[in-house]
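Text of run-v1.csv, listed as CSV, C-alpha atoms:
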chain,number,residue,atom,x,y,z
A,1,MET,CA,0.0,0.0,0.0
A,2,SER,CA,1.5,3.4,-1.0
A,3,ARG,CA,2.1,6.2,1.4
A,4,VAL,CA,-0.1,8.5,-0.6
A,5,ARG,CA,-3.1,6.1,-0.2
A,6,ILE,CA,-2.4,5.8,3.5
A,7,ALA,CA,-2.2,9.6,4.0
A,8,PHE,CA,-5.4,10.1,1.9
A,9,GLY,CA,-7.2,7.5,3.9
A,10,LEU,CA,-6.2,9.1,7.2
A,11,LEU,CA,-7.3,12.5,6.0
A,12,ILE,CA,-10.8,11.1,5.1
A,13,VAL,CA,-11.0,9.3,8.5
A,14,ILE,CA,-10.2,12.6,10.3
A,15,ALA,CA,-12.7,14.6,8.3
A,16,GLY,CA,-15.4,11.9,8.7
A,17,THR,CA,-14.8,11.9,12.5
A,18,ALA,CA,-15.1,15.7,12.7
A,19,TRP,CA,-18.2,15.5,10.6
A,20,LEU,CA,-19.7,12.8,12.8
A,21,LEU,CA,-19.0,14.6,16.1
A,22,GLY,CA,-19.5,18.2,15.1
A,23,GLY,CA,-21.4,18.3,11.9
A,24,PRO,CA,-20.5,20.0,8.7
A,25,GLY,CA,-19.6,23.2,10.6
A,26,ALA,CA,-16.8,21.3,12.4
A,27,VAL,CA,-15.3,20.2,9.0
A,28,ARG,CA,-15.4,23.8,7.7
A,29,SER,CA,-13.9,25.3,10.8
A,30,GLY,CA,-11.2,22.7,11.0
A,31,GLY,CA,-10.2,23.3,7.4
A,32,ARG,CA,-10.0,27.1,8.0
A,33,TRP,CA,-7.9,26.4,11.1
A,34,ALA,CA,-5.6,24.1,9.1
A,35,PHE,CA,-5.0,26.8,6.5
A,36,ALA,CA,-4.5,29.5,9.1
A,37,THR,CA,-1.8,27.4,10.8
A,38,LEU,CA,-0.1,26.2,7.6
A,39,PRO,CA,2.4,29.2,7.5
A,40,TYR,CA,3.5,28.4,11.1
A,41,GLY,CA,4.0,24.8,10.2
A,42,LEU,CA,6.1,25.7,7.2
A,43,LEU,CA,8.1,28.1,9.4
A,44,GLY,CA,8.8,25.4,11.9
A,45,ILE,CA,9.9,22.9,9.2
A,46,GLY,CA,12.2,25.6,7.7
A,47,LEU,CA,13.7,26.3,11.1
A,48,LEU,CA,14.3,22.6,11.7
A,49,VAL,CA,16.1,22.3,8.4
A,50,LEU,CA,18.3,25.3,9.2
A,51,LEU,CA,19.2,23.8,12.6
A,52,ARG,CA,20.1,20.5,11.1
A,53,ALA,CA,22.4,22.2,8.7
A,54,ALA,CA,24.1,24.5,11.3
A,55,VAL,CA,24.1,22.4,14.5
A,56,PRO,CA,26.3,19.3,14.8
A,57,ARG,CA,24.4,16.0,15.3
A,58,GLY,CA,23.7,15.2,18.9
A,59,LEU,CA,23.5,18.9,19.9
A,60,LEU,CA,20.0,19.7,18.5
A,61,ALA,CA,18.0,18.9,21.7
A,62,ALA,CA,19.0,22.0,23.6
A,63,PRO,CA,18.3,24.6,20.8
A,64,LEU,CA,15.0,22.9,19.9
A,65,ALA,CA,13.9,22.9,23.5
A,66,LEU,CA,14.7,26.6,23.9
A,67,ILE,CA,12.9,27.5,20.6
A,68,LEU,CA,9.9,25.4,21.5
A,69,GLY,CA,9.7,26.8,25.0
A,70,GLY,CA,10.0,30.4,23.8
A,71,ALA,CA,7.4,29.8,21.1
A,72,LEU,CA,4.9,28.4,23.6
A,73,TRP,CA,5.6,31.3,26.0
A,74,ALA,CA,5.0,33.8,23.3
A,75,VAL,CA,1.8,32.1,22.1
A,76,HIS,CA,0.5,32.0,25.7
A,77,ASP,CA,1.2,35.7,26.2
A,78,VAL,CA,-0.9,36.7,23.3
A,79,GLY,CA,-3.8,34.6,24.5
A,80,TYR,CA,-3.8,31.9,21.8
A,81,LEU,CA,-3.7,29.0,24.4
A,82,ASP,CA,-6.8,30.1,26.2
A,83,GLY,CA,-10.4,29.2,25.7
A,84,GLY,CA,-11.6,27.9,22.4
A,85,THR,CA,-8.4,28.2,20.5
A,86,ALA,CA,-6.6,25.9,22.9
A,87,ALA,CA,-9.4,23.4,22.6
A,88,LYS,CA,-8.6,23.1,18.9
A,89,ALA,CA,-4.8,23.4,19.1
A,90,TRP,CA,-4.0,20.8,21.7
A,91,PRO,CA,-5.9,17.9,20.0
A,92,ALA,CA,-4.3,18.8,16.7
A,93,LEU,CA,-0.8,18.8,18.3
A,94,ALA,CA,-1.6,15.4,19.8
A,95,ILE,CA,-2.6,14.1,16.3
A,96,LEU,CA,0.6,15.4,14.8
A,97,LEU,CA,2.8,14.0,17.6
A,98,GLY,CA,1.1,10.6,17.1
A,99,ALA,CA,1.7,10.7,13.4
A,100,ALA,CA,5.3,11.5,13.8
A,101,ILE,CA,5.8,8.7,16.3
A,102,ALA,CA,3.9,6.3,14.0
A,103,LEU,CA,5.8,7.2,10.9
A,104,GLY,CA,9.2,7.6,12.4
A,105,GLY,CA,11.7,4.8,12.6
A,106,VAL,CA,11.7,1.4,10.9
A,107,PRO,CA,8.3,0.5,9.4
A,108,ALA,CA,6.2,-1.9,11.4
A,109,VAL,CA,6.2,-5.2,9.4
A,110,ALA,CA,5.4,-8.8,10.2
A,111,ASP,CA,8.3,-10.9,11.6
A,112,GLY,CA,10.6,-11.9,8.8
A,113,VAL,CA,9.3,-9.6,6.2
A,114,ASN,CA,12.2,-7.1,6.7
A,115,ASP,CA,14.7,-9.7,7.5
A,116,GLY,CA,15.6,-11.1,4.1
A,117,PRO,CA,17.7,-10.0,1.1
A,118,LEU,CA,15.4,-7.0,0.4
A,119,ARG,CA,15.2,-4.4,3.2
A,120,ARG,CA,13.2,-1.2,3.6
A,121,TYR,CA,14.0,1.5,6.2
A,122,ARG,CA,12.4,4.9,6.8
A,123,SER,CA,13.1,7.8,9.1
A,124,VAL,CA,10.7,10.7,9.7
A,125,VAL,CA,12.5,13.3,11.9
A,126,MET,CA,13.9,10.5,14.2
A,127,THR,CA,17.2,8.7,14.0
A,128,VAL,CA,17.2,5.1,12.7
A,129,ARG,CA,20.1,2.6,13.1
A,130,PRO,CA,19.2,-0.7,11.6
A,131,GLU,CA,21.0,-3.8,12.9
A,132,LEU,CA,22.6,-5.5,9.9
A,133,ALA,CA,25.5,-7.4,11.5
A,134,GLU,CA,24.0,-10.9,11.0
A,135,PRO,CA,21.4,-10.9,8.2
A,136,SER,CA,19.5,-14.2,7.6
A,137,ALA,CA,20.5,-14.0,3.9
A,138,PRO,CA,23.0,-12.0,1.9
A,139,LEU,CA,21.6,-8.6,1.2
A,140,ARG,CA,20.5,-7.9,-2.4
A,141,ARG,CA,18.8,-4.5,-2.1
A,142,ILE,CA,18.2,-1.8,0.6
A,143,SER,CA,15.7,1.0,0.1
A,144,VAL,CA,16.2,3.9,2.5
A,145,ALA,CA,14.0,7.0,2.9
A,146,SER,CA,14.9,9.9,5.2
A,147,TYR,CA,12.3,12.7,5.7
A,148,LEU,CA,14.0,15.3,8.0
A,149,GLY,CA,15.5,12.3,9.8
A,150,ASP,CA,18.8,10.4,10.1
A,151,VAL,CA,19.6,6.9,8.9
A,152,HIS,CA,22.9,5.2,9.8
A,153,LEU,CA,23.8,2.0,7.9
A,154,ARG,CA,26.8,0.0,9.0
A,155,LEU,CA,27.5,-2.2,6.0
A,156,ALA,CA,31.0,-3.2,6.9
A,157,ASP,CA,31.5,-7.0,6.7
A,158,VAL,CA,27.8,-7.5,6.0
A,159,PRO,CA,27.5,-10.2,3.3
A,160,PHE,CA,26.1,-8.9,-0.1
A,161,HIS,CA,24.4,-11.0,-2.7
A,162,PRO,CA,26.8,-12.9,-5.1
A,163,ASP,CA,27.2,-11.2,-8.5
A,164,ALA,CA,26.8,-13.8,-11.2
A,165,GLY,CA,27.8,-11.3,-13.8
A,166,MET,CA,31.3,-11.0,-12.4
A,167,GLN,CA,33.5,-14.0,-12.9
A,168,GLY,CA,36.8,-14.8,-11.2
A,169,ASN,CA,38.1,-15.0,-7.6
A,170,PRO,CA,37.4,-13.8,-5.0
A,171,ILE,CA,33.7,-14.1,-5.5
A,172,ALA,CA,32.1,-10.7,-6.4
A,173,GLU,CA,29.4,-9.3,-4.2
A,174,VAL,CA,26.9,-6.5,-5.0
A,175,LEU,CA,24.3,-4.5,-3.1
A,176,GLU,CA,21.8,-2.2,-4.7
A,177,LEU,CA,21.2,0.8,-2.4
A,178,GLU,CA,18.3,3.1,-3.2
A,179,VAL,CA,18.1,6.4,-1.2
A,180,THR,CA,15.3,8.9,-1.1
A,181,LEU,CA,15.8,12.2,0.8
A,182,LEU,CA,13.6,15.1,1.9
A,183,PHE,CA,16.0,17.3,3.8
A,184,GLY,CA,17.2,14.2,5.6
A,185,SER,CA,20.6,12.5,5.9
A,186,VAL,CA,21.9,9.0,5.4
A,187,ALA,CA,25.3,7.9,6.7
A,188,ILE,CA,26.8,4.7,5.3
A,189,GLU,CA,29.8,2.8,6.6
A,190,VAL,CA,31.6,0.3,4.4
A,191,ASP,CA,34.7,-1.8,4.8
A,192,HIS,CA,38.0,-1.5,3.0
A,193,ARG,CA,37.1,-4.2,0.4
A,194,CYS,CA,34.0,-2.3,-0.9
A,195,ALA,CA,33.7,0.1,-3.8
A,196,VAL,CA,30.9,2.3,-4.8
A,197,VAL,CA,29.5,2.6,-8.3
A,198,LYS,CA,27.4,5.7,-8.9
A,199,GLY,CA,24.1,5.1,-10.6
A,200,ASN,CA,21.5,7.8,-10.7
A,201,VAL,CA,23.1,10.5,-8.5
A,202,ALA,CA,23.6,13.3,-11.0
A,203,ASN,CA,20.5,15.3,-10.0
A,204,ALA,CA,20.6,14.2,-6.3
A,205,PRO,CA,21.4,16.3,-3.2
A,206,ALA,CA,24.9,16.4,-1.8
A,207,VAL,CA,26.6,13.0,-1.9
A,208,GLN,CA,29.9,12.9,0.0
A,209,PHE,CA,32.5,10.2,-0.3
A,210,ALA,CA,35.4,9.9,2.2
A,211,ASP,CA,38.9,9.8,0.8
A,212,GLN,CA,39.3,6.1,1.6
A,213,VAL,CA,36.2,5.2,-0.5
A,214,ARG,CA,36.9,4.1,-4.1
A,215,VAL,CA,34.2,5.5,-6.4
A,216,TYR,CA,33.6,4.5,-10.0
A,217,ALA,CA,31.3,6.0,-12.6
A,218,THR,CA,30.2,2.7,-14.2
A,219,THR,CA,30.3,-1.0,-13.5
A,220,ASP,CA,32.5,-1.6,-16.5
A,221,ILE,CA,35.2,0.8,-15.2
A,222,TYR,CA,35.0,-0.9,-11.8
A,223,ALA,CA,35.3,-4.4,-13.4
A,224,VAL,CA,38.5,-3.3,-15.2
A,225,GLU,CA,40.2,-1.3,-12.5
A,226,ALA,CA,39.2,-2.8,-9.1
A,227,ARG,CA,37.3,-6.1,-9.5
A,228,SER,CA,40.1,-8.3,-8.0
A,229,GLU,CA,41.2,-5.8,-5.4
A,230,LEU,CA,37.7,-4.7,-4.2
A,231,PRO,CA,35.4,-7.7,-4.7
A,232,ARG,CA,32.4,-6.0,-2.9
A,233,ARG,CA,30.5,-3.1,-4.5
A,234,ILE,CA,27.5,-0.9,-3.8
A,235,GLN,CA,25.3,0.3,-6.7
A,236,LEU,CA,24.1,3.6,-5.4
A,237,ASN,CA,21.1,5.6,-6.6
A,238,VAL,CA,19.9,8.8,-4.8
A,239,ILE,CA,16.9,11.0,-5.4
A,240,GLY,CA,15.3,13.7,-3.4
A,241,VAL,CA,15.3,17.3,-2.3
A,242,GLY,CA,17.8,18.7,0.2
A,243,GLY,CA,19.8,16.5,2.6
A,244,THR,CA,23.0,14.6,2.3
A,245,VAL,CA,24.4,11.1,1.8
A,246,ALA,CA,27.8,10.5,3.4
A,247,ILE,CA,29.8,7.3,2.7
A,248,ARG,CA,32.9,6.5,4.7
A,249,SER,CA,35.2,3.5,5.0
A,250,ARG,CA,35.9,1.8,8.3

Could you quickly redo this structure as structure tokens?
Amino acid sequence: MSRVRIAFGLLIVIAGTAWLLGGPGAVRSGGRWAFATLPYGLLGIGLLVLLRAAVPRGLLAAPLALILGGALWAVHDVGYLDGGTAAKAWPALAILLGAAIALGGVPAVADGVNDGPLRRYRSVVMTVRPELAEPSAPLRRISVASYLGDVHLRLADVPFHPDAGMQGNPIAEVLELEVTLLFGSVAIEVDHRCAVVKGNVANAPAVQFADQVRVYATTDIYAVEARSELPRRIQLNVIGVGGTVAIRSR
């Protein structure tokens, strides 16, 4: 099921619940309130993006707490948290918080579904650190999505799927890595026997490679120049708006 269908379904459920409990007037007033608060939501997202770009990781909690506290204080002083406005604002904030918690982190899937050669990970605002040290099968493909979040992948010494198209010894291994960004970041750690082949990254956000990481423009160039020395490779594709992908070698 696509995320668009899920979001559309949730929107209909929320509108139907408001209609059932408060009648058509509740739906109209809720829509007006949503449009009135949209600029503040965009301002908050922009501020978060700026903080992520300017403040080192691990140090965001203090400035975010100060900004949030100051914003609540200012809103309270002008009277927006009193009476009827608060009655609408706090339930909406609770819904947004619940949505962030539900969407953040690794998607909830049945046991074993995300434990095979094909993996999917998603981060919404939060930090995700998947455990890949002992997969049940060699990894063939990983799809990562980071929406204002952080994903850390440790791929060093994790077995990749054998590459039947590459002959010779040692046995070649390949992992397809698909990254989608919306002002998020993805950090990838590989081992010294792993190379990176760039796929669709020309129109992507910033992709940073550490000096120790060997990067090749095509699979053919990799096969000629590094196949025997670096038997493991990652086929990297990145799309998105804003954000960064950083690859370093252990």

Legend entry - Residues within 9 Å of segment 143-150 of chain A, only C-alpha atoms, excluding chain neighbours under 6 positions, as number ranges by chain: A: 45, 48-49, 52, 104-105, 118-129, 176-187, 243

Inset, instruction - Determine, counting only C-alpha atoms, which protein, DNA and RNA residues have an atom within 10 Å of an atom of Gly31 of chain A; residues of the same chain fewer than 6 positions away are not included. Present the result as an NGL selection string. - result: :A and (15 or 25 or 37)

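Residues with at least one atom no more than 7 Å from (27.1, 2.7, -13.6), using all atoms listed in the file, are Val197, Lys198, Gly199, Ala217, Thr218 and Thr219 of chain A.
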
Legend entry - Counting all atoms listed in the file, the option among A:Pro117, A:Pro231, A:Pro159, A:Gly46 closest to Ala172 of chain A: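 Closest candidate: A:Pro231.
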
Legend entry - Two-atom distance - atom CA of Arg233 of chain A, atom CA of Leu155 of chain A (Å): 11.0 Å

Inset, instruction - Find the distance between atom CA of Arg140 of chain A and atom CA of Glu173 of chain A and write it in Å to one decimal. - result: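 Spanning atom CA of Arg140 of chain A to atom CA of Glu173 of chain A is a straight-line distance of 9.2 Å.
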
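Taking atom CA of Leu47 of chain A and atom CA of Ile14 of chain A as endpoints, the distance between them is 27.6 Å.
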
Inset, instruction - Counting all atoms listed in the file, figure out which residue out of A:Ala226, A:Val201, A:Val213, A:Ala206 gets nearest to Gly242 of chain A. - result: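 For Gly242 of chain A, the nearest of the given residues is A:Ala206.
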
Starting from 5 Å padding per side, set up an axis-aligned box that covers all listed atoms of segment 35-46 of chain A and hand over centre and edge lengths in Å, one decimal, as AutoDock Vina command-line options.
--center_x 3.6 --center_y 26.2 --center_z 9.2 --size_x 27.2 --size_y 16.6 --size_z 15.4
